[in-house]
file my_file33.pdb (PDB, C-alpha atoms, pLDDT in the B column)
ATOM      1  CA  MET A  29      17.070 111.829 -16.606  1.00 73.00           C
ATOM      2  CA  LYS A  30      17.382 109.551 -19.623  1.00 79.00           C
ATOM      3  CA  ILE A  31      14.577 109.462 -22.171  1.00 81.00           C
ATOM      4  CA  TYR A  32      14.751 105.705 -22.484  1.00 80.00           C
ATOM      5  CA  THR A  33      13.873 103.463 -19.548  1.00 80.00           C
ATOM      6  CA  LYS A  34      13.781 100.047 -21.245  1.00 81.00           C
ATOM      7  CA  THR A  35      10.652  99.222 -19.206  1.00 72.00           C
ATOM      8  CA  GLY A  36       8.566  99.042 -22.380  1.00 79.00           C
ATOM      9  CA  ASP A  37      10.813  96.593 -24.172  1.00 78.00           C
ATOM     10  CA  THR A  38       8.412  93.721 -23.485  1.00 75.00           C
ATOM     11  CA  GLY A  39       5.371  95.490 -24.972  1.00 83.00           C
ATOM     12  CA  THR A  40       3.893  97.051 -21.837  1.00 74.00           C
ATOM     13  CA  THR A  41       3.739 100.615 -20.579  1.00 75.00           C
ATOM     14  CA  ALA A  42       2.749 102.320 -17.352  1.00 75.00           C
ATOM     15  CA  LEU A  43      -0.408 104.321 -16.876  1.00 78.00           C
ATOM     16  CA  TYR A  44      -0.485 107.315 -14.571  1.00 81.00           C
ATOM     17  CA  GLY A  45      -0.263 105.773 -11.110  1.00 77.00           C
ATOM     18  CA  GLY A  46       1.998 102.907 -12.188  1.00 76.00           C
ATOM     19  CA  THR A  47      -0.400 100.222 -13.467  1.00 81.00           C
ATOM     20  CA  ARG A  48       1.236  98.418 -16.400  1.00 75.00           C
ATOM     21  CA  VAL A  49      -0.808  97.477 -19.463  1.00 75.00           C
ATOM     22  CA  SER A  50      -0.148  96.242 -22.980  1.00 69.00           C
ATOM     23  CA  LYS A  51       0.845  98.950 -25.440  1.00 77.00           C
ATOM     24  CA  HIS A  52      -2.222  98.067 -27.511  1.00 84.00           C
ATOM     25  CA  HIS A  53      -4.636  98.588 -24.575  1.00 87.00           C
ATOM     26  CA  ILE A  54      -7.587 100.804 -25.522  1.00 91.00           C
ATOM     27  CA  ARG A  55      -6.493 103.349 -22.919  1.00 93.00           C
ATOM     28  CA  ILE A  56      -3.071 103.636 -24.621  1.00 90.00           C
ATOM     29  CA  GLU A  57      -4.730 103.859 -28.051  1.00 95.00           C
ATOM     30  CA  SER A  58      -6.959 106.647 -26.700  1.00 96.00           C
ATOM     31  CA  TYR A  59      -4.299 108.912 -25.280  1.00 94.00           C
ATOM     32  CA  GLY A  60      -1.829 107.992 -28.011  1.00 95.00           C
ATOM     33  CA  THR A  61      -4.292 109.253 -30.603  1.00 98.00           C
ATOM     34  CA  VAL A  62      -4.766 112.451 -28.593  1.00 98.00           C
ATOM     35  CA  ASP A  63      -0.979 112.859 -28.698  1.00 97.00           C
ATOM     36  CA  GLU A  64      -1.034 112.330 -32.481  1.00 98.00           C
ATOM     37  CA  LEU A  65      -3.789 114.959 -32.739  1.00 98.00           C
ATOM     38  CA  ASN A  66      -1.715 117.384 -30.681  1.00 98.00           C
ATOM     39  CA  SER A  67       1.170 116.970 -33.138  1.00 98.00           C
ATOM     40  CA  HIS A  68      -1.100 117.687 -36.103  1.00 98.00           C
ATOM     41  CA  ILE A  69      -2.376 120.812 -34.370  1.00 98.00           C
ATOM     42  CA  GLY A  70       1.235 121.883 -33.881  1.00 98.00           C
ATOM     43  CA  LEU A  71       1.702 121.549 -37.628  1.00 98.00           C
ATOM     44  CA  ILE A  72      -1.303 123.827 -38.257  1.00 98.00           C
ATOM     45  CA  ARG A  73       0.067 126.326 -35.740  1.00 98.00           C
ATOM     46  CA  ASP A  74       3.393 126.361 -37.612  1.00 98.00           C
ATOM     47  CA  GLN A  75       1.676 127.651 -40.754  1.00 97.00           C
ATOM     48  CA  ASP A  76       1.438 131.296 -41.781  1.00 96.00           C
ATOM     49  CA  ILE A  77      -1.992 131.928 -40.255  1.00 97.00           C
ATOM     50  CA  ASN A  78      -3.660 134.628 -38.202  1.00 97.00           C
ATOM     51  CA  PRO A  79      -1.943 134.917 -34.774  1.00 98.00           C
ATOM     52  CA  LEU A  80      -5.387 134.709 -33.124  1.00 97.00           C
ATOM     53  CA  TYR A  81      -5.823 131.173 -34.492  1.00 98.00           C
ATOM     54  CA  LYS A  82      -2.324 130.293 -33.281  1.00 98.00           C
ATOM     55  CA  ASP A  83      -3.238 131.483 -29.772  1.00 98.00           C
ATOM     56  CA  VAL A  84      -6.400 129.372 -29.805  1.00 98.00           C
ATOM     57  CA  LEU A  85      -4.412 126.360 -31.004  1.00 98.00           C
ATOM     58  CA  VAL A  86      -1.879 126.766 -28.181  1.00 98.00           C
ATOM     59  CA  GLU A  87      -4.817 126.691 -25.735  1.00 98.00           C
ATOM     60  CA  VAL A  88      -6.173 123.585 -27.499  1.00 98.00           C
ATOM     61  CA  GLN A  89      -2.777 121.883 -27.276  1.00 98.00           C
ATOM     62  CA  ASP A  90      -2.667 122.620 -23.562  1.00 97.00           C
ATOM     63  CA  ARG A  91      -6.135 121.140 -23.105  1.00 97.00           C
ATOM     64  CA  LEU A  92      -5.112 118.072 -25.122  1.00 98.00           C
ATOM     65  CA  PHE A  93      -2.267 117.405 -22.690  1.00 95.00           C
ATOM     66  CA  THR A  94      -4.900 117.476 -19.960  1.00 95.00           C
ATOM     67  CA  VAL A  95      -7.137 115.122 -21.961  1.00 96.00           C
ATOM     68  CA  GLY A  96      -4.183 112.765 -22.423  1.00 95.00           C
ATOM     69  CA  ALA A  97      -3.434 112.791 -18.690  1.00 92.00           C
ATOM     70  CA  ILE A  98      -7.065 112.038 -17.880  1.00 93.00           C
ATOM     71  CA  LEU A  99      -7.136 109.163 -20.370  1.00 94.00           C
ATOM     72  CA  ALA A 100      -3.827 107.835 -18.970  1.00 92.00           C
ATOM     73  CA  THR A 101      -5.311 107.573 -15.480  1.00 89.00           C
ATOM     74  CA  PRO A 102      -7.116 104.313 -14.697  1.00 87.00           C
ATOM     75  CA  PRO A 103     -10.338 104.820 -12.720  1.00 79.00           C
ATOM     76  CA  GLU A 104      -9.540 101.953 -10.347  1.00 70.00           C
ATOM     77  CA  ASP A 105      -6.257 103.394  -9.063  1.00 59.00           C
ATOM     78  CA  GLU A 106      -6.943 103.800  -5.331  1.00 45.00           C
ATOM     79  CA  LYS A 107      -3.942 106.081  -4.769  1.00 49.00           C
ATOM     80  CA  LEU A 108      -5.358 108.483  -7.321  1.00 50.00           C
ATOM     81  CA  LYS A 109      -8.881 108.257  -5.908  1.00 48.00           C
ATOM     82  CA  SER A 110      -7.652 109.076  -2.418  1.00 46.00           C
ATOM     83  CA  GLY A 111      -5.880 112.152  -3.722  1.00 48.00           C
ATOM     84  CA  GLU A 112      -2.434 110.895  -2.648  1.00 43.00           C
ATOM     85  CA  ARG A 113      -1.032 111.472  -6.152  1.00 40.00           C
ATOM     86  CA  ARG A 114      -3.870 113.505  -7.611  1.00 47.00           C
ATOM     87  CA  LEU A 115      -2.793 115.991 -10.246  1.00 48.00           C
ATOM     88  CA  LYS A 116      -3.539 119.567  -9.238  1.00 46.00           C
ATOM     89  CA  ASN A 117      -6.081 121.462 -11.348  1.00 49.00           C
ATOM     90  CA  LEU A 118      -6.407 118.608 -13.824  1.00 64.00           C
ATOM     91  CA  GLY A 119      -9.652 118.518 -15.669  1.00 82.00           C
ATOM     92  CA  ILE A 120     -11.599 119.579 -18.673  1.00 91.00           C
ATOM     93  CA  LEU A 121     -14.232 122.161 -17.839  1.00 94.00           C
ATOM     94  CA  GLU A 122     -17.481 123.107 -19.497  1.00 95.00           C
ATOM     95  CA  SER A 123     -15.836 126.497 -20.113  1.00 96.00           C
ATOM     96  CA  ASP A 124     -13.243 124.733 -22.326  1.00 97.00           C
ATOM     97  CA  VAL A 125     -16.076 123.474 -24.531  1.00 97.00           C
ATOM     98  CA  GLU A 126     -17.758 126.896 -24.494  1.00 98.00           C
ATOM     99  CA  PHE A 127     -14.465 128.508 -25.535  1.00 98.00           C
ATOM    100  CA  LEU A 128     -14.406 126.385 -28.707  1.00 98.00           C
ATOM    101  CA  GLU A 129     -18.060 127.201 -29.402  1.00 98.00           C
ATOM    102  CA  LYS A 130     -17.379 130.944 -29.021  1.00 98.00           C
ATOM    103  CA  GLU A 131     -14.433 130.708 -31.416  1.00 98.00           C
ATOM    104  CA  MET A 132     -16.531 128.816 -33.972  1.00 98.00           C
ATOM    105  CA  ASP A 133     -19.343 131.362 -33.743  1.00 97.00           C
ATOM    106  CA  ALA A 134     -16.882 134.208 -34.335  1.00 97.00           C
ATOM    107  CA  MET A 135     -15.357 132.522 -37.396  1.00 96.00           C
ATOM    108  CA  GLU A 136     -18.724 131.592 -38.890  1.00 95.00           C
ATOM    109  CA  GLU A 137     -19.869 135.229 -38.904  1.00 95.00           C
ATOM    110  CA  SER A 138     -17.687 135.897 -41.954  1.00 94.00           C
ATOM    111  CA  LEU A 139     -18.281 132.587 -43.755  1.00 92.00           C
ATOM    112  CA  PRO A 140     -20.886 131.820 -46.388  1.00 86.00           C
ATOM    113  CA  VAL A 141     -23.657 129.514 -45.228  1.00 86.00           C
ATOM    114  CA  MET A 142     -22.847 125.860 -45.842  1.00 83.00           C
ATOM    115  CA  THR A 143     -25.206 124.271 -48.355  1.00 84.00           C
ATOM    116  CA  HIS A 144     -23.184 121.119 -49.131  1.00 86.00           C
ATOM    117  CA  PHE A 145     -20.419 119.039 -47.668  1.00 90.00           C
ATOM    118  CA  VAL A 146     -16.983 120.221 -48.760  1.00 91.00           C
ATOM    119  CA  LEU A 147     -14.121 118.156 -50.093  1.00 89.00           C
ATOM    120  CA  PRO A 148     -10.981 118.426 -47.949  1.00 93.00           C
ATOM    121  CA  GLY A 149      -8.235 120.360 -49.692  1.00 93.00           C
ATOM    122  CA  GLY A 150      -7.729 123.586 -51.594  1.00 92.00           C
ATOM    123  CA  HIS A 151      -4.620 124.671 -49.689  1.00 96.00           C
ATOM    124  CA  THR A 152      -1.976 122.785 -47.693  1.00 97.00           C
ATOM    125  CA  THR A 153      -2.913 124.548 -44.432  1.00 97.00           C
ATOM    126  CA  VAL A 154      -6.593 123.720 -44.956  1.00 97.00           C
ATOM    127  CA  SER A 155      -5.675 120.091 -45.612  1.00 97.00           C
ATOM    128  CA  TYR A 156      -3.730 119.977 -42.329  1.00 98.00           C
ATOM    129  CA  CYS A 157      -6.910 121.111 -40.553  1.00 98.00           C
ATOM    130  CA  HIS A 158      -8.930 118.352 -42.177  1.00 97.00           C
ATOM    131  CA  ILE A 159      -6.327 115.740 -41.230  1.00 98.00           C
ATOM    132  CA  ALA A 160      -6.386 116.994 -37.625  1.00 98.00           C
ATOM    133  CA  ARG A 161     -10.207 116.887 -37.690  1.00 98.00           C
ATOM    134  CA  CYS A 162     -10.143 113.236 -38.783  1.00 98.00           C
ATOM    135  CA  VAL A 163      -7.579 112.310 -36.117  1.00 98.00           C
ATOM    136  CA  CYS A 164      -9.743 114.138 -33.559  1.00 98.00           C
ATOM    137  CA  ARG A 165     -12.789 112.084 -34.607  1.00 98.00           C
ATOM    138  CA  ARG A 166     -10.714 108.912 -34.188  1.00 98.00           C
ATOM    139  CA  ALA A 167      -9.596 110.068 -30.740  1.00 98.00           C
ATOM    140  CA  GLU A 168     -13.243 110.692 -29.873  1.00 98.00           C
ATOM    141  CA  ARG A 169     -14.278 107.220 -31.081  1.00 98.00           C
ATOM    142  CA  LEU A 170     -11.503 105.618 -29.032  1.00 97.00           C
ATOM    143  CA  ALA A 171     -12.467 107.627 -25.933  1.00 97.00           C
ATOM    144  CA  VAL A 172     -16.074 106.484 -26.366  1.00 97.00           C
ATOM    145  CA  HIS A 173     -14.883 102.887 -26.754  1.00 97.00           C
ATOM    146  CA  LEU A 174     -12.756 103.260 -23.612  1.00 96.00           C
ATOM    147  CA  ASN A 175     -15.743 104.723 -21.755  1.00 95.00           C
ATOM    148  CA  ASP A 176     -17.795 101.662 -22.729  1.00 96.00           C
ATOM    149  CA  ILE A 177     -15.159  99.495 -20.989  1.00 94.00           C
ATOM    150  CA  GLU A 178     -13.919 101.726 -18.158  1.00 91.00           C
ATOM    151  CA  PRO A 179     -15.608 104.987 -17.183  1.00 87.00           C
ATOM    152  CA  THR A 180     -13.852 108.202 -18.158  1.00 88.00           C
ATOM    153  CA  GLU A 181     -14.772 111.856 -17.752  1.00 89.00           C
ATOM    154  CA  GLU A 182     -17.762 112.711 -19.943  1.00 90.00           C
ATOM    155  CA  LEU A 183     -16.347 116.151 -20.671  1.00 94.00           C
ATOM    156  CA  VAL A 184     -13.352 114.536 -22.393  1.00 96.00           C
ATOM    157  CA  ILE A 185     -15.673 113.053 -25.006  1.00 96.00           C
ATOM    158  CA  LYS A 186     -17.655 116.283 -25.288  1.00 97.00           C
ATOM    159  CA  TYR A 187     -14.448 118.324 -25.683  1.00 98.00           C
ATOM    160  CA  LEU A 188     -13.116 116.054 -28.436  1.00 98.00           C
ATOM    161  CA  ASN A 189     -16.464 116.227 -30.217  1.00 98.00           C
ATOM    162  CA  ARG A 190     -16.497 120.013 -30.122  1.00 98.00           C
ATOM    163  CA  LEU A 191     -12.826 120.221 -31.081  1.00 98.00           C
ATOM    164  CA  SER A 192     -13.457 118.259 -34.277  1.00 98.00           C
ATOM    165  CA  ASP A 193     -16.233 120.752 -35.108  1.00 98.00           C
ATOM    166  CA  TYR A 194     -13.830 123.619 -34.376  1.00 98.00           C
ATOM    167  CA  LEU A 195     -11.202 122.135 -36.696  1.00 98.00           C
ATOM    168  CA  PHE A 196     -13.785 121.867 -39.479  1.00 97.00           C
ATOM    169  CA  VAL A 197     -14.826 125.506 -39.060  1.00 97.00           C
ATOM    170  CA  LEU A 198     -11.166 126.547 -38.876  1.00 98.00           C
ATOM    171  CA  ALA A 199     -10.550 124.722 -42.164  1.00 97.00           C
ATOM    172  CA  ARG A 200     -13.413 126.653 -43.765  1.00 96.00           C
ATOM    173  CA  LYS A 201     -12.220 129.944 -42.283  1.00 97.00           C
ATOM    174  CA  LEU A 202      -8.682 129.372 -43.503  1.00 97.00           C
ATOM    175  CA  THR A 203     -10.066 128.513 -46.944  1.00 96.00           C
ATOM    176  CA  TYR A 204     -11.779 131.893 -46.896  1.00 95.00           C
ATOM    177  CA  ASP A 205      -8.776 133.800 -45.473  1.00 95.00           C
ATOM    178  CA  LEU A 206      -6.320 132.195 -47.892  1.00 95.00           C
ATOM    179  CA  LYS A 207      -8.679 132.702 -50.836  1.00 93.00           C
ATOM    180  CA  ALA A 208      -8.485 128.991 -51.566  1.00 93.00           C
ATOM    181  CA  ASN A 209     -11.074 127.154 -53.594  1.00 88.00           C
ATOM    182  CA  GLU A 210     -13.735 125.409 -51.483  1.00 87.00           C
ATOM    183  CA  VAL A 211     -14.943 122.457 -53.537  1.00 85.00           C
ATOM    184  CA  LEU A 212     -18.472 121.413 -52.720  1.00 82.00           C
ATOM    185  CA  TRP A 213     -19.419 117.753 -52.731  1.00 86.00           C
ATOM    186  CA  ILE A 214     -22.452 117.394 -54.930  1.00 86.00           C
ATOM    187  CA  PRO A 215     -23.590 113.762 -55.212  1.00 86.00           C
ATOM    188  CA  ARG A 216     -24.145 112.279 -58.646  1.00 88.00           C
ATOM    189  CA  LYS A 217     -27.753 112.029 -59.716  1.00 87.00           C
TER
END
call {"tool": "encode", "arguments": {"input": "my_file33.pdb", "output": "structure tokens"}}
result
Amino acid sequence: MKIYTKTGDTGTTALYGGTRVSKHHIRIESYGTVDELNSHIGLIRDQDINPLYKDVLVEVQDRLFTVGAILATPPEDEKLKSGERRLKNLGILESDVEFLEKEMDAMEESLPVMTHFVLPGGHTTVSYCHIARCVCRRAERLAVHLNDIEPTEELVIKYLNRLSDYLFVLARKLTYDLKANEVLWIPRK
């Protein structure tokens, strides 16, 4: 199988099920941003961090492939609705959201209470987390925009929201673990 098909040379691409849309379609922007997020998470996972965090990030990357597949599937595709080409076991579950919450709660047990916003930075690995968090927020905004136009699974939006929170807490935890300097944002008076 060749990686190039030449079918996108005119500026369109196929959604799951075969429907062709412009490469700037909100659905493509949505799952393309999820793909970008997945790459940033891979970069975090490649850092010298606790293997437990790496395991969680592998699970997150797996879930993001699922999110991308959901976002790449148009709701009007009758073949998909009938189950003719339905993906097996495809979905984001409430337990996926709860998993992120449990991981955040565990990390926060060893962190000082937050009294101010923090400035991104302090260590390269921490900065990668903040970049991933921002990309995740963009993916969430695009998924919400898509949902305003064409319905999508509500749990996709909820998962992306919780994942951005997780990435923020992970950034704080890595700051703590790496003994990096957490710079508080204190507004001018």
call {"tool": "atom_distance", "arguments": {"input": "my_file33.pdb", "atom1": "atom CA of Ile69 of chain A", "atom2": "atom CA of Glu131 of chain A"}}
result
15.9 Å
call {"tool": "residues_around", "arguments": {"input": "my_file33.pdb", "residues": "segment 137-141 of chain A", "least_positions_apart": "6", "cutoff": "9 Å", "atoms": "only C-alpha atoms", "output": "list in words"}}
result
Arg200, Lys201 and Tyr204 of chain A
call {"tool": "atom_distance", "arguments": {"input": "my_file33.pdb", "atom1": "atom CA of Cys164 of chain A", "atom2": "atom CA of Glu64 of chain A"}}
result
9.0 Å
call {"tool": "resolve_selection", "arguments": {"input": "my_file33.pdb", "expression": "the PyMOL selection byres ((chain A and resi 146) around 7)", "output": "list of chain:residue names"}}
result
A:His144, A:Phe145, A:Leu147, A:Pro148, A:Glu210, A:Val211, A:Leu212, A:Trp213
call {"tool": "closest_residue", "arguments": {"input": "my_file33.pdb", "among": "A:Met135, A:Val184, A:Ala167, A:Leu43", "to": "Asp205 of chain A", "atoms": "all atoms listed in the file"}}
result
A:Met135
call {"tool": "atom_distance", "arguments": {"input": "my_file33.pdb", "atom1": "atom CA of Arg165 of chain A", "atom2": "atom CA of Ser192 of chain A"}}
result
6.2 Å
call {"tool": "closest_residue", "arguments": {"input": "my_file33.pdb", "among": "A:Asp124, A:Asp63, A:Asp74, A:Asp176", "to": "Gly96 of chain A", "atoms": "all atoms listed in the file"}}
result
A:Asp63
call {"tool": "residues_near_point", "arguments": {"input": "my_file33.pdb", "point": "(-4.9, 100.0, -24.4)", "cutoff": "12 Å", "atoms": "all atoms listed in the file", "output": "VMD selection string"}}
result
chain A and resid 39 to 43 47 to 61 99 to 102 170 to 171 173 to 174 177 to 178
call {"tool": "closest_residue", "arguments": {"input": "my_file33.pdb", "among": "A:Pro215, A:Pro179, A:Gly46, A:Gly149", "to": "Phe196 of chain A", "atoms": "all atoms listed in the file"}}
result
A:Gly149
call {"tool": "resolve_selection", "arguments": {"input": "my_file33.pdb", "expression": "the PyMOL selection byres ((chain A and resi 78) around 12)", "output": "VMD selection string"}}
result
chain A and resid 72 to 77 79 to 85 135 153 198 201 to 202 205 to 206
call {"tool": "write_last_selection", "arguments": {"input": "my_file33.pdb", "atoms": "C-alpha atoms", "output": "compact mmCIF listing (two decimals), in the frame of the given file"}}
result
# COMPACT_ATOMS: atom_id res chain seq x y z
CA ILE A 72 -1.30 123.83 -38.26
CA ARG A 73 0.07 126.33 -35.74
CA ASP A 74 3.39 126.36 -37.61
CA GLN A 75 1.68 127.65 -40.75
CA ASP A 76 1.44 131.30 -41.78
CA ILE A 77 -1.99 131.93 -40.26
CA PRO A 79 -1.94 134.92 -34.77
CA LEU A 80 -5.39 134.71 -33.12
CA TYR A 81 -5.82 131.17 -34.49
CA LYS A 82 -2.32 130.29 -33.28
CA ASP A 83 -3.24 131.48 -29.77
CA VAL A 84 -6.40 129.37 -29.80
CA LEU A 85 -4.41 126.36 -31.00
CA MET A 135 -15.36 132.52 -37.40
CA THR A 153 -2.91 124.55 -44.43
CA LEU A 198 -11.17 126.55 -38.88
CA LYS A 201 -12.22 129.94 -42.28
CA LEU A 202 -8.68 129.37 -43.50
CA ASP A 205 -8.78 133.80 -45.47
CA LEU A 206 -6.32 132.20 -47.89
call {"tool": "residues_around", "arguments": {"input": "my_file33.pdb", "residues": "His151 of chain A", "least_positions_apart": "4", "cutoff": "9 Å", "atoms": "all atoms listed in the file", "output": "number ranges by chain"}}
result
A: 155-156, 202-203, 206, 208-209
call {"tool": "resolve_selection", "arguments": {"input": "my_file33.pdb", "expression": "the PyMOL selection byres ((chain A and resi 129) around 12)", "output": "list in words"}}
result
Val84, Glu122, Ser123, Asp124, Val125, Glu126, Phe127, Leu128, Lys130, Glu131, Met132, Asp133, Ala134, Met135, Glu136, Lys186, Tyr187, Asn189, Arg190, Leu191, Ser192, Asp193, Tyr194, Leu195, Val197 and Leu198 of chain A
call {"tool": "closest_residue", "arguments": {"input": "my_file33.pdb", "among": "A:Thr94, A:Thr152, A:Thr143, A:Thr33", "to": "Leu183 of chain A", "atoms": "all atoms listed in the file"}}
result
A:Thr94
call {"tool": "axis_aligned_box", "arguments": {"input": "my_file33.pdb", "around": "segment 196-206 of chain A", "padding_each_side": "8 Å", "output": "AutoDock Vina command-line options"}}
result
--center_x -10.6 --center_y 127.8 --center_z -43.4 --size_x 24.5 --size_y 27.9 --size_z 25.0
call {"tool": "closest_residue", "arguments": {"input": "my_file33.pdb", "among": "A:Ala97, A:Val86, A:Val163, A:Val154", "to": "Gly70 of chain A", "atoms": "all atoms listed in the file"}}
result
A:Val86
